Every structure is written in structure tokens, then in C-alpha cells.
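**Q** Input structure: entry12.txt, which contains compact mmCIF, C-alpha atoms.
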# COMPACT_ATOMS: atom_id res chain seq x y z
CA MET A 1 6.82 -17.17 70.73
CA ALA A 2 9.13 -18.28 67.92
CA VAL A 3 12.33 -16.29 67.52
CA LYS A 4 12.51 -14.46 64.22
CA LYS A 5 15.59 -15.60 62.34
CA LYS A 6 18.03 -13.08 60.95
CA PHE A 7 19.89 -13.48 57.67
CA TYR A 8 22.95 -11.45 56.70
CA ALA A 9 23.66 -11.01 53.00
CA ILE A 10 27.28 -10.22 52.17
CA ALA A 11 27.76 -8.99 48.62
CA ALA A 12 31.37 -7.88 49.11
CA GLY A 13 33.52 -9.42 51.82
CA ARG A 14 36.04 -12.16 52.45
CA LYS A 15 33.50 -14.84 51.61
CA PRO A 16 30.28 -13.43 50.07
CA GLY A 17 27.08 -15.30 50.78
CA ILE A 18 24.19 -15.63 53.24
CA TYR A 19 24.93 -16.01 56.95
CA THR A 20 22.57 -16.73 59.83
CA ASN A 21 24.52 -15.27 62.73
CA TRP A 22 26.14 -11.85 63.07
CA PRO A 23 29.53 -12.87 64.58
CA GLU A 24 30.22 -15.15 61.61
CA ALA A 25 29.03 -12.51 59.15
CA GLN A 26 31.02 -9.78 60.90
CA ALA A 27 34.23 -11.78 60.45
CA GLN A 28 33.70 -11.58 56.69
CA VAL A 29 33.33 -7.80 56.54
CA MET A 30 35.20 -6.26 59.47
CA THR A 31 38.38 -4.54 58.18
CA PHE A 32 37.42 -5.53 54.60
CA ALA A 33 37.65 -2.36 52.54
CA GLY A 34 34.52 -1.75 50.47
CA ALA A 35 32.44 -4.34 52.31
CA ARG A 36 28.74 -4.39 51.36
CA TYR A 37 26.25 -6.27 53.47
CA LYS A 38 22.76 -6.01 54.97
CA GLY A 39 20.53 -7.90 57.40
CA PHE A 40 17.11 -9.36 56.54
CA ALA A 41 14.31 -11.21 58.28
CA THR A 42 14.06 -13.93 55.58
CA ARG A 43 16.50 -15.80 53.37
CA ALA A 44 14.49 -14.90 50.28
CA GLU A 45 14.95 -11.18 50.96
CA ALA A 46 18.65 -11.69 51.58
CA GLU A 47 19.10 -13.66 48.34
CA ALA A 48 17.18 -11.03 46.36
CA TRP A 49 19.31 -8.20 47.75
CA ILE A 50 22.63 -9.93 47.16
CA LYS A 51 21.80 -10.04 43.43
CA ASN A 52 21.39 -6.25 43.44
CA PRO A 53 23.19 -4.94 46.57
CA VAL A 54 21.86 -1.43 47.01
CA TYR A 55 20.51 0.33 50.09
CA PRO A 56 16.94 1.38 49.25
CA ALA A 57 15.57 4.37 51.14
CA PRO A 58 12.85 3.30 53.62
CA THR A 59 9.47 5.01 53.49
CA SER A 60 8.98 7.99 55.76
CA LYS A 61 6.35 6.14 57.81
CA THR A 62 8.67 3.31 58.83
CA LYS A 63 9.64 3.24 62.52
CA SER A 64 12.14 1.13 64.40
CA ARG A 65 10.94 -1.01 67.28
CA LYS A 66 12.38 1.29 69.95
CA GLY A 67 10.93 4.52 68.62
CA ALA A 68 14.04 5.72 66.79
CA PRO A 69 13.33 6.48 63.13
CA ALA A 70 14.25 3.76 60.64
CA THR A 71 14.58 6.51 58.06
CA ALA A 72 17.62 8.73 58.26
CA LYS A 73 16.37 11.63 60.37
CA THR A 74 17.82 15.03 59.48
CA SER A 75 18.19 17.96 61.82
CA LYS A 76 15.85 20.93 62.27
CA GLU A 77 16.82 24.47 63.17
CA GLY A 78 18.40 24.52 66.64
CA GLU A 79 18.94 20.77 66.63
CA ILE A 80 21.93 18.53 66.05
CA ILE A 81 21.48 14.90 65.00
CA ILE A 82 24.35 12.44 65.46
CA TYR A 83 24.68 8.83 64.33
CA THR A 84 27.56 6.69 65.63
CA ASP A 85 28.77 3.13 65.22
CA GLY A 86 31.83 1.09 66.08
CA GLY A 87 33.18 -2.43 66.07
CA ALA A 88 36.23 -4.65 66.23
CA ARG A 89 37.01 -7.69 64.17
CA PHE A 90 37.36 -10.84 66.32
CA ASN A 91 36.51 -8.66 69.37
CA PRO A 92 39.16 -7.95 70.51
CA GLY A 93 41.01 -7.10 67.34
CA PRO A 94 41.47 -4.26 64.84
CA GLY A 95 38.58 -1.84 65.30
CA GLY A 96 37.12 1.42 64.16
CA PHE A 97 34.32 3.91 64.68
CA GLY A 98 32.25 6.13 62.42
CA VAL A 99 30.22 9.29 63.02
CA VAL A 100 27.73 11.22 60.90
CA MET A 101 26.70 14.62 62.27
CA LEU A 102 23.81 16.65 60.85
CA GLU A 103 23.24 20.31 61.67
CA ALA A 104 21.27 22.99 59.81
CA GLY A 105 21.53 21.19 56.49
CA ASN A 106 25.26 20.52 56.91
CA ARG A 107 26.77 17.07 57.21
CA GLN A 108 30.09 16.08 58.74
CA GLU A 109 31.73 12.66 59.04
CA PHE A 110 34.40 11.49 61.49
CA SER A 111 36.15 8.15 61.83
CA GLY A 112 39.21 6.47 63.28
CA GLY A 113 40.71 3.08 64.00
CA TYR A 114 42.84 1.16 66.50
CA ARG A 115 44.96 -1.93 66.03
CA LEU A 116 43.67 -3.79 69.11
CA THR A 117 40.40 -2.90 70.78
CA THR A 118 36.81 -4.14 71.32
CA ASN A 119 33.33 -3.58 69.91
CA ASN A 120 32.16 -1.73 73.01
CA ARG A 121 35.19 0.52 73.18
CA MET A 122 34.67 1.58 69.58
CA GLU A 123 30.96 2.21 70.17
CA LEU A 124 31.90 4.48 73.07
CA MET A 125 34.72 6.14 71.15
CA GLY A 126 32.36 7.07 68.31
CA CYS A 127 30.14 8.92 70.80
CA ILE A 128 33.08 10.62 72.48
CA VAL A 129 34.61 11.86 69.22
CA ALA A 130 31.21 13.15 68.07
CA LEU A 131 30.49 15.07 71.27
CA ARG A 132 33.96 16.57 71.37
CA GLN A 133 33.05 18.47 68.20
CA LEU A 134 30.20 20.28 69.93
CA ASN A 135 32.04 22.13 72.71
CA GLN A 136 29.27 23.72 74.81
CA THR A 137 26.49 24.17 72.30
CA ASN A 138 23.05 25.23 73.54
CA LYS A 139 21.33 23.31 70.78
CA THR A 140 19.34 20.15 71.41
CA VAL A 141 21.41 17.07 70.56
CA THR A 142 20.03 13.65 69.68
CA LEU A 143 22.53 10.82 69.37
CA TYR A 144 21.50 7.56 67.69
CA SER A 145 23.51 4.42 68.39
CA ASP A 146 22.79 0.76 67.65
CA SER A 147 24.65 -0.20 70.84
CA LYS A 148 22.33 -0.97 73.76
CA TYR A 149 25.47 -1.10 75.91
CA VAL A 150 26.02 2.60 75.22
CA VAL A 151 22.40 3.77 75.23
CA ASN A 152 21.40 1.87 78.36
CA GLY A 153 24.63 2.86 80.09
CA ILE A 154 23.61 6.52 79.77
CA THR A 155 19.81 6.52 79.84
CA LYS A 156 19.51 4.04 82.72
CA ASP A 157 22.28 5.76 84.71
CA TRP A 158 24.38 2.62 84.84
CA ALA A 159 27.58 4.51 84.07
CA ARG A 160 26.86 7.31 86.55
CA ASN A 161 26.26 4.74 89.29
CA TRP A 162 29.45 2.89 88.39
CA ARG A 163 31.39 6.13 88.71
CA LYS A 164 29.79 6.94 92.08
CA ASN A 165 30.90 3.52 93.29
CA ASN A 166 34.48 3.92 92.07
CA TRP A 167 33.70 1.91 88.92
CA ILE A 168 32.30 -1.08 90.75
CA LYS A 169 29.01 -2.50 89.45
CA SER A 170 26.05 -3.68 91.52
CA ASP A 171 27.32 -7.26 91.23
CA LYS A 172 30.59 -6.12 92.89
CA GLN A 173 32.54 -6.67 89.67
CA PRO A 174 34.70 -3.93 88.13
CA ALA A 175 33.01 -1.92 85.38
CA VAL A 176 34.59 -2.36 81.96
CA ASN A 177 35.93 0.63 80.00
CA PRO A 178 35.86 3.14 82.88
CA ASP A 179 38.28 5.44 81.01
CA LEU A 180 35.85 5.93 78.13
CA TRP A 181 32.72 6.01 80.25
CA ALA A 182 34.28 8.79 82.34
CA GLN A 183 35.00 10.85 79.23
CA LEU A 184 31.51 10.31 77.84
CA LEU A 185 29.83 11.26 81.12
CA ASP A 186 31.86 14.46 81.35
CA LEU A 187 30.86 15.41 77.80
CA THR A 188 27.14 14.72 78.30
CA GLU A 189 26.97 16.87 81.44
CA LYS A 190 27.61 19.96 79.32
CA LEU A 191 24.90 19.20 76.77
CA ASN A 192 21.15 18.98 76.33
CA ILE A 193 21.40 15.50 74.84
CA ASP A 194 19.12 12.52 74.26
CA PHE A 195 20.58 9.07 73.54
CA ARG A 196 18.38 6.81 71.42
CA TRP A 197 18.81 3.27 70.22
CA VAL A 198 18.43 2.57 66.50
CA LYS A 199 18.34 -0.90 65.04
CA GLY A 200 21.56 -1.69 63.19
CA HIS A 201 21.80 -3.21 59.70
CA ALA A 202 18.18 -2.26 59.03
CA GLY A 203 18.52 0.16 56.12
CA ASN A 204 18.95 3.42 58.02
CA GLU A 205 21.11 5.50 55.69
CA PHE A 206 23.24 7.17 58.35
CA ASN A 207 23.60 4.10 60.55
CA GLU A 208 24.77 2.15 57.50
CA ARG A 209 27.21 4.94 56.63
CA CYS A 210 28.65 4.95 60.16
CA ASP A 211 29.17 1.21 59.87
CA GLU A 212 30.97 1.66 56.56
CA LEU A 213 33.23 4.31 58.09
CA ALA A 214 34.01 2.07 61.06
CA VAL A 215 34.83 -0.94 58.89
CA SER A 216 36.94 1.14 56.51
CA SER A 217 38.85 2.77 59.37
CA ALA A 218 39.66 -0.56 60.99
CA ALA A 219 41.08 -1.78 57.67
CA GLN A 220 43.69 0.98 57.44
CA ASP A 221 47.42 0.36 57.84
CA ASN A 222 49.43 1.66 60.79
CA LEU A 223 46.49 1.92 63.17
CA GLN A 224 47.09 3.71 66.45
CA LYS A 225 47.25 1.98 69.81
CA ASP A 226 44.19 2.00 72.07
CA ASN A 227 46.05 2.90 75.25
CA GLY A 228 43.00 2.33 77.43
CA TYR A 229 42.40 -1.24 76.31
CA LYS A 230 43.47 -3.74 78.97
CA GLY A 231 43.48 -7.04 77.13
Starting from the file, lay out its structure as C-alpha cells.

**A**
Amino acid sequence: MAVKKKFYAIAAGRKPGIYTNWPEAQAQVMTFAGARYKGFATRAEAEAWIKNPVYPAPTSKTKSRKGAPATAKTSKEGEIIIYTDGGARFNPGPGGFGVVMLEAGNRQEFSGGYRLTTNNRMELMGCIVALRQLNQTNKTVTLYSDSKYVVNGITKDWARNWRKNNWIKSDKQPAVNPDLWAQLLDLTEKLNIDFRWVKGHAGNEFNERCDELAVSSAAQDNLQKDNGYKG
């Protein structure tokens, strides 16, 4: 089966244009304040969007490939919906995370940045910061992340198994980011929570907003130190 090519249109960044791989495109937008960009399946779609760079709302029937809604799902009574994202330019490099939390018609946003960190650490940090806001709520929580590292680490019990084995993986190698995984596991044990993967850069309003928050946070001056990062 032929691999479907991805095109990244950057309307505002260090070097606007069309890119065909995410690491190269990410270098143009990470820590660039006001960056505007979006991924597409075809070059024609990317070129059309870059002429009018807006984020159109997807139809309510659209679904992502993993079952998470491509539309920006809002919360119902007794439910909390969380979207998170994170990243680091150059990986490792300056990084940030963004959170959008929806509850009973209310919306909250959280973000932060570090001067030297990694993509995965910021993905984890976004989840940790979000769940810290909940204390011990009895409501159902659904957390959407575009990081398979995070979602699989929780839903497939990878992180729990690493912790049971003193942070050693099945391949006998040390698990990475044990400090953050430990915090996230402790937080999830107190909640009725479901982690779901959502496709990134695919037009989901809240996923795109989390990305904007993460990029903007990483671009700030006087970023704090990520004490847990062992570079």
C-alpha cells in the first residue's frame, strides 16, 4: 500500500511555505510567536490554505482514525474534557505545553515553558498540569492527546509495568522520563479517566489551540529550568 504523503503549510513562521516532513516544518514554527500552520494530505490543499490561513470547523460527522472526534468535543453534565499538547524545538531545546479544559460550559487554558526539554516531556507535562487542576473529582474525565507515547504509555500499561520493574523496560533498558511518568500515574489513580489519541494538525479546534499555547509558551523569555531533564 502506498504511503499517503503529508504536506505542512506554514503561513506564519521563520520561513513560510510548504514542507513535506514534520521535523523540518516544526523547526519553522516552534518558539515562533504567532505561528500559523496546518497539515494536509495533498499539496493542492496546502497551497490553497496558505493563501487564506484559517482553521475551518470540521463537520460534526467527521471522525479521526482512532475513534477520537475530529471535531472539538465539548463536555456534558458530569463530564470533563481535556485536550493537551506539548513540544520542544530541536528536541531537545526550548519547549512548552498547552491545555484546554472543558467543564459544564466553562473553558480554562493552561500553559508553560522550559528552556531545555524534549517533546515527550512536554506532552507528559501538559497532562500532569491538567490533572493537577482536578483534585479528586468524581466526574468522568476524558483526556485527548496527539502523543501516542503518552496514550499508549497509560492505556497499554507500559508506564505501570516500568514502575513495577523499578523503571526498567522489557528490553532491559531504563525507561525515559520516570519522574513525569510517576507523577502522571499517581494522578490517574485518583480519577475515573480515559486517555484517547487524537490526530494532531488535523483541524481539531482544541488540539490546534493547545499547540498554539505550547508554541507561544516556548517562545517566552526567561523560561524556567526543567529540573527532571537529564540531557

**Q** Write out as an NGL selection string each polymer residue whose atoms come within 7 Å of range 177-186 of chain A, counting only C-alpha atoms; drop sequence neighbours fewer than 2 positions from it.

**A** :A and (121 or 124 or 128 or 159 or 167 or 175 or 188-189 or 228)

**Q** Kindly provide the residues of range 123-164 of chain A that approach range 207-219 of chain A to within 9 Å, each paired with its closest atom pair and their distance in Å to one decimal, based on all atoms listed in the file, listed by chain and increasing number, as JSON lines.

**A**
{"residue": "A:Gly126", "atom": "CA", "partner": "A:Ala214", "partner_atom": "CA", "distance": 9.0}
{"residue": "A:Tyr144", "atom": "CA", "partner": "A:Asn207", "partner_atom": "CA", "distance": 8.2}
{"residue": "A:Ser145", "atom": "CA", "partner": "A:Asn207", "partner_atom": "CA", "distance": 7.8}
{"residue": "A:Asp146", "atom": "CA", "partner": "A:Asn207", "partner_atom": "CA", "distance": 7.9}

**Q** Any idea what's packed within 10 Å of Gly113 in chain A, counting only C-alpha atoms, ignoring anything in its chain fewer than 5 positions away? Could you give it as a list in words?

**A**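 What passes the distance filter is Thr31, Gly86, Gly87, Ala88, Pro94, Gly95, Gly96, Phe97, Gly98, Met122, Met125, Leu213, Ala214, Val215, Ser216, Ser217, Ala218, Ala219, Gln220, Asp221, Asn222, Leu223, Gln224, Lys225 and Asp226 of chain A.
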
**Q** What is the distance, in Å and to one decimal place, between CA of Thr155 in chain A and CA of Gly93 in chain A?

**A**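 Pair CA of Thr155 in chain A / CA of Gly93 in chain A returns 28.1 Å.
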
**Q** Would you pick out the contacts of range 105-109 of chain A at 10 Å or less, using all atoms listed in the file, so that residues sharing its chain but fewer than 4 positions from it are not included, and give the list as a PyMOL selection string?

**A** chain A and resi 74-77+80-84+98-101+130+209-210+213

**Q** Would you please work out which residue, of A:Trp158, A:Gln28, A:Phe7, A:Asn227, is nearest to Thr117 in chain A when using all atoms listed in the file?

**A** A:Asn227

**Q** Could you please determine the separation between CA of Lys15 in chain A and CA of Asn52 in chain A in Å, to one decimal place?

**A** 16.9 Å

**Q** Which residues are near Lys148 in chain A? Cut-off 9 Å, only C-alpha atoms, ignore same chain within fewer than 3 positions. Put them as a list in words.

**A**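 Counting only C-alpha atoms, the residues come to Ser145, Val151, Asn152, Gly153, Trp197 and Val198 of chain A.
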
**Q** When you look at Ala25 in chain A with a cut-off of 12 Å (counting all atoms listed in the file), what residues show up, excluding the ones that are within fewer than 2 positions of it in the same chain? I need them as a PyMOL selection string.

**A** chain A and resi 6-23+27-30+32+35-39+89-90+201

**Q** Quick one: axis-aligned box around all listed atoms of range 144-151 of chain A, 8 Å on every side, centre and edge lengths in Å to one decimal, written as AutoDock Vina command-line options.

**A**
--center_x 23.8 --center_y 3.2 --center_z 71.8 --size_x 20.5 --size_y 24.7 --size_z 24.3

**Q** So how far away is CA of Gln26 in chain A from CA of Pro53 in chain A, in Å?

**A**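 So the two atoms, CA of Pro53 in chain A and CA of Gln26 in chain A, lie 17.0 Å apart.
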
**Q** Since the input lacks atoms, please generate N, CA, C and O atoms for range 180-203 of chain A and provide them as a short mmCIF file (atom, residue, chain, number, x, y, z; two decimals), keeping the file's coordinate frame.

**A**
data_model
loop_
_atom_site.label_atom_id
_atom_site.label_comp_id
_atom_site.auth_asym_id
_atom_site.auth_seq_id
_atom_site.Cartn_x
_atom_site.Cartn_y
_atom_site.Cartn_z
N LEU A 180 36.72 5.34 79.16
CA LEU A 180 35.85 5.93 78.13
C LEU A 180 34.51 6.37 78.70
O LEU A 180 33.98 7.41 78.30
N TRP A 181 33.97 5.61 79.62
CA TRP A 181 32.72 6.01 80.25
C TRP A 181 32.90 7.36 80.97
O TRP A 181 32.01 8.23 80.92
N ALA A 182 34.04 7.53 81.63
CA ALA A 182 34.28 8.79 82.34
C ALA A 182 34.31 9.97 81.37
O ALA A 182 33.73 11.03 81.65
N GLN A 183 34.96 9.78 80.24
CA GLN A 183 35.00 10.85 79.23
C GLN A 183 33.61 11.17 78.69
O GLN A 183 33.24 12.33 78.53
N LEU A 184 32.84 10.10 78.41
CA LEU A 184 31.51 10.31 77.84
C LEU A 184 30.59 11.01 78.84
O LEU A 184 29.85 11.93 78.48
N LEU A 185 30.66 10.61 80.10
CA LEU A 185 29.83 11.26 81.12
C LEU A 185 30.17 12.73 81.25
O LEU A 185 29.28 13.59 81.35
N ASP A 186 31.46 13.05 81.25
CA ASP A 186 31.86 14.46 81.35
C ASP A 186 31.32 15.27 80.18
O ASP A 186 30.88 16.42 80.35
N LEU A 187 31.34 14.69 78.99
CA LEU A 187 30.86 15.41 77.80
C LEU A 187 29.35 15.61 77.84
O LEU A 187 28.84 16.67 77.46
N THR A 188 28.61 14.61 78.29
CA THR A 188 27.14 14.72 78.30
C THR A 188 26.65 15.73 79.33
O THR A 188 25.58 16.33 79.15
N GLU A 189 27.41 15.94 80.39
CA GLU A 189 26.97 16.87 81.44
C GLU A 189 26.91 18.31 80.96
O GLU A 189 26.23 19.14 81.55
N LYS A 190 27.58 18.60 79.86
CA LYS A 190 27.61 19.96 79.32
C LYS A 190 26.57 20.17 78.21
O LYS A 190 26.51 21.26 77.64
N LEU A 191 25.78 19.13 77.93
CA LEU A 191 24.90 19.20 76.77
C LEU A 191 23.46 18.88 77.11
O LEU A 191 23.18 18.13 78.07
N ASN A 192 22.55 19.39 76.30
CA ASN A 192 21.15 18.98 76.33
C ASN A 192 21.02 17.86 75.31
O ASN A 192 20.75 18.09 74.14
N ILE A 193 21.24 16.62 75.76
CA ILE A 193 21.40 15.50 74.84
C ILE A 193 20.47 14.35 75.18
O ILE A 193 20.21 14.07 76.35
N ASP A 194 20.00 13.68 74.14
CA ASP A 194 19.12 12.52 74.26
C ASP A 194 19.76 11.37 73.49
O ASP A 194 20.02 11.49 72.29
N PHE A 195 20.05 10.27 74.19
CA PHE A 195 20.58 9.07 73.54
C PHE A 195 19.43 8.16 73.15
O PHE A 195 18.56 7.87 73.98
N ARG A 196 19.44 7.71 71.90
CA ARG A 196 18.38 6.81 71.42
C ARG A 196 18.99 5.63 70.69
O ARG A 196 19.95 5.77 69.94
N TRP A 197 18.36 4.48 70.90
CA TRP A 197 18.81 3.27 70.22
C TRP A 197 18.16 3.18 68.85
O TRP A 197 16.98 3.48 68.68
N VAL A 198 18.94 2.81 67.84
CA VAL A 198 18.43 2.57 66.50
C VAL A 198 18.89 1.18 66.08
O VAL A 198 20.02 0.78 66.35
N LYS A 199 18.02 0.45 65.46
CA LYS A 199 18.34 -0.90 65.04
C LYS A 199 19.42 -0.88 63.96
O LYS A 199 19.31 -0.17 62.97
N GLY A 200 20.48 -1.65 64.16
CA GLY A 200 21.56 -1.69 63.19
C GLY A 200 21.27 -2.62 62.03
O GLY A 200 20.43 -3.53 62.12
N HIS A 201 21.92 -2.37 60.90
CA HIS A 201 21.80 -3.21 59.70
C HIS A 201 20.34 -3.34 59.26
O HIS A 201 19.87 -4.42 58.88
N ALA A 202 19.60 -2.24 59.35
CA ALA A 202 18.18 -2.26 59.03
C ALA A 202 17.82 -1.23 57.95
O ALA A 202 16.66 -0.88 57.80
N GLY A 203 18.81 -0.73 57.23
CA GLY A 203 18.52 0.16 56.12
C GLY A 203 18.56 1.64 56.43
O GLY A 203 18.33 2.45 55.54
#
